[in-house]
Amino acid sequence: MMIQLEIFMNKFVVVLIVLSFSMAGCTAEDEPTIKFNGTEYRDPEPVPDFNLTDQNGNNVSLSDYRGKVVVVAFIFTSCPDVCPAIEHTLNFVDYKLPDHGIENDIQMLSITIDPARDTVETLKNYTDMNAFDWPHLTSSNPDDLVQVWNDWNVVVDNDHVYADHSSHDHGSHDSHDDGNESSNETGDGHDGHSDHSDHSNDSGQNETAESDTEYSVGHSTVTFILDQDGNKKVAWSGYDWDSDLFLEDLVTMVYG
């Protein structure tokens, strides 16, 4: 009798172990997977802090917005096409944030790639004219911006950078394009943006504005979404992306 009871108990234990593994497998399979419409970084990439000046003359640091989802775009005010498209799309997204209850969870920042022309006064006129109410950032020291571009792997054709600031030759800026923008991404970009895999070159989406003075500007076009800890989480290449899909990514970042 004791032997039969022992055999029964052993079988019972085996059944419990099998059931526990089965239930664990089902739980893992049923866990929801967060998906983004833009290109997600496999490993969220931290970016260094910066200290720049906005259109109102205020000092602005990236760390000021720790705890918020931060959108960072690189633009210049004299751009004839690409930058206005990005800016007005972001303005529409900003307008729609209250519909999702996330207006206090999102911060947008636009950083110039043309400090010689994009002074505080220029940015003030530009944002007032277009009703852009988020910080647009520049610096009186162009080296500050060159460092930011390097930190973000943003490629800038910047022979113009020191045009109004220095008489000596600094040479052209190398954005330290070490492949991080492509090697750190999933490659699962949304439809129509399979070129997200190479943000350093932006798949030819380089914008250039001819000036009525002495230079033009070209740069790669990537808009970044940072998580609440200040890490690059999602990137959007180009400028003709869907504002609703971008907004979905922001909602996912806040509530996901």
# chains A, B, ... in the order shown; residues from 1 in each chain; ligands from 1
call {"tool": "select_by_dssp", "arguments": {"residues": "segment 22-119 of chain A", "states": "strand (DSSP E)", "output": "list in words"}}
result
Thr39, Glu40, Tyr41, Arg42, Asp43, Pro44, Glu45, Pro46, Asn51, Leu52, Thr53, Asn59, Val60, Ser61, Val69, Val70, Val71, Val72, Ala73, Phe74, Ile75, Ile106, Gln107, Met108, Leu109, Ser110, Ile111 and Thr112 of chain A
call {"tool": "write_last_selection", "arguments": {"atoms": "C-alpha atoms", "output": "short mmCIF file (atom, residue, chain, number, x, y, z; two decimals), in the first residue's frame"}}
result
data_model
loop_
_atom_site.label_atom_id
_atom_site.label_comp_id
_atom_site.auth_asym_id
_atom_site.auth_seq_id
_atom_site.Cartn_x
_atom_site.Cartn_y
_atom_site.Cartn_z
CA THR A 39 12.43 52.54 -36.08
CA GLU A 40 13.09 51.34 -32.54
CA TYR A 41 16.59 51.09 -31.10
CA ARG A 42 17.35 47.54 -30.00
CA ASP A 43 19.18 49.00 -27.04
CA PRO A 44 18.02 52.51 -26.08
CA GLU A 45 21.05 54.74 -26.61
CA PRO A 46 21.82 57.50 -24.08
CA ASN A 51 23.11 73.51 -22.69
CA LEU A 52 21.76 75.74 -25.48
CA THR A 53 19.67 78.90 -25.79
CA ASN A 59 19.12 78.42 -21.21
CA VAL A 60 17.77 74.98 -22.02
CA SER A 61 19.33 71.63 -21.13
CA VAL A 69 9.23 61.78 -23.56
CA VAL A 70 11.33 64.20 -25.63
CA VAL A 71 11.09 64.76 -29.39
CA VAL A 72 14.25 66.23 -30.95
CA ALA A 73 14.39 67.59 -34.50
CA PHE A 74 17.32 69.22 -36.30
CA ILE A 75 16.28 72.14 -38.52
CA ILE A 106 5.80 65.24 -24.06
CA GLN A 107 8.45 67.87 -24.75
CA MET A 108 9.50 68.93 -28.23
CA LEU A 109 12.85 70.52 -29.04
CA SER A 110 14.18 71.82 -32.35
CA ILE A 111 17.93 72.37 -32.70
CA THR A 112 19.41 74.49 -35.46
#
call {"tool": "closest_residue", "arguments": {"among": "A:Tyr126, A:Phe50, A:Tyr255, A:Trp152", "to": "Glu87 of chain A", "atoms": "only C-alpha atoms"}}
result
A:Tyr126
call {"tool": "atom_distance", "arguments": {"atom1": "atom CA of Asn130 of chain A", "atom2": "atom CA of Thr77 of chain A"}}
result
10.8 Å
call {"tool": "atom_distance", "arguments": {"atom1": "atom CA of Asn58 of chain A", "atom2": "atom CA of Ser139 of chain A"}}
result
10.8 Å
call {"tool": "atom_distance", "arguments": {"atom1": "atom CA of Ala85 of chain A", "atom2": "atom CA of Ser140 of chain A"}}
result
26.2 Å
call {"tool": "residues_around", "arguments": {"residues": "Asp133 of chain A", "least_positions_apart": "2", "cutoff": "10 Å", "atoms": "only C-alpha atoms", "output": "VMD selection string"}}
result
chain A and resid 55 91 94 108 to 109 127 to 128 130 to 131 135 to 136
call {"tool": "residues_around", "arguments": {"residues": "Gly67 of chain A", "least_positions_apart": "6", "cutoff": "12 Å", "atoms": "only C-alpha atoms", "output": "ChimeraX atom specification"}}
result
/A:104-107,226-231,253-254
call {"tool": "write_last_selection", "arguments": {"atoms": "N, CA, C and O atoms", "output": "mmCIF file, in the first residue's frame"}}
result
data_model
loop_
_atom_site.group_PDB
_atom_site.id
_atom_site.type_symbol
_atom_site.label_atom_id
_atom_site.label_comp_id
_atom_site.auth_asym_id
_atom_site.auth_seq_id
_atom_site.Cartn_x
_atom_site.Cartn_y
_atom_site.Cartn_z
ATOM 1 N N ASN A 104 1.252 66.956 -21.041
ATOM 2 C CA ASN A 104 2.237 67.245 -19.990
ATOM 3 C C ASN A 104 3.354 66.211 -19.921
ATOM 4 O O ASN A 104 4.268 66.334 -19.095
ATOM 5 N N ASP A 105 3.283 65.194 -20.768
ATOM 6 C CA ASP A 105 4.267 64.113 -20.760
ATOM 7 C C ASP A 105 5.248 64.196 -21.926
ATOM 8 O O ASP A 105 6.199 63.416 -21.989
ATOM 9 N N ILE A 106 4.997 65.127 -22.847
ATOM 10 C CA ILE A 106 5.802 65.239 -24.065
ATOM 11 C C ILE A 106 6.484 66.599 -24.114
ATOM 12 O O ILE A 106 5.874 67.621 -23.795
ATOM 13 N N GLN A 107 7.745 66.619 -24.517
ATOM 14 C CA GLN A 107 8.452 67.870 -24.746
ATOM 15 C C GLN A 107 9.112 67.821 -26.114
ATOM 16 O O GLN A 107 9.837 66.876 -26.431
ATOM 17 N N LEU A 226 12.984 60.358 -27.526
ATOM 18 C CA LEU A 226 13.726 59.858 -26.371
ATOM 19 C C LEU A 226 12.756 59.347 -25.318
ATOM 20 O O LEU A 226 11.667 59.900 -25.137
ATOM 21 N N ASP A 227 13.175 58.313 -24.606
ATOM 22 C CA ASP A 227 12.345 57.818 -23.515
ATOM 23 C C ASP A 227 12.507 58.712 -22.285
ATOM 24 O O ASP A 227 13.266 59.689 -22.292
ATOM 25 N N GLN A 228 11.811 58.361 -21.221
ATOM 26 C CA GLN A 228 11.783 59.210 -20.022
ATOM 27 C C GLN A 228 13.126 59.280 -19.312
ATOM 28 O O GLN A 228 13.324 60.144 -18.456
ATOM 29 N N ASP A 229 14.044 58.378 -19.667
ATOM 30 C CA ASP A 229 15.380 58.387 -19.058
ATOM 31 C C ASP A 229 16.409 59.098 -19.938
ATOM 32 O O ASP A 229 17.606 59.082 -19.632
ATOM 33 N N GLY A 230 15.960 59.705 -21.033
ATOM 34 C CA GLY A 230 16.867 60.450 -21.889
ATOM 35 C C GLY A 230 17.617 59.606 -22.886
ATOM 36 O O GLY A 230 18.675 60.020 -23.382
ATOM 37 N N ASN A 231 17.099 58.418 -23.232
ATOM 38 C CA ASN A 231 17.733 57.539 -24.205
ATOM 39 C C ASN A 231 17.020 57.603 -25.547
ATOM 40 O O ASN A 231 15.782 57.715 -25.590
ATOM 41 N N MET A 253 4.861 55.448 -26.009
ATOM 42 C CA MET A 253 5.970 55.763 -25.114
ATOM 43 C C MET A 253 5.469 56.161 -23.722
ATOM 44 O O MET A 253 6.069 55.811 -22.708
ATOM 45 N N VAL A 254 4.372 56.910 -23.677
ATOM 46 C CA VAL A 254 3.853 57.382 -22.395
ATOM 47 C C VAL A 254 3.138 56.276 -21.629
ATOM 48 O O VAL A 254 3.384 56.068 -20.427
#
call {"tool": "closest_residue", "arguments": {"among": "A:Phe246, A:Phe92, A:Phe224, A:Trp236", "to": "Val47 of chain A", "atoms": "only C-alpha atoms"}}
result
A:Phe224
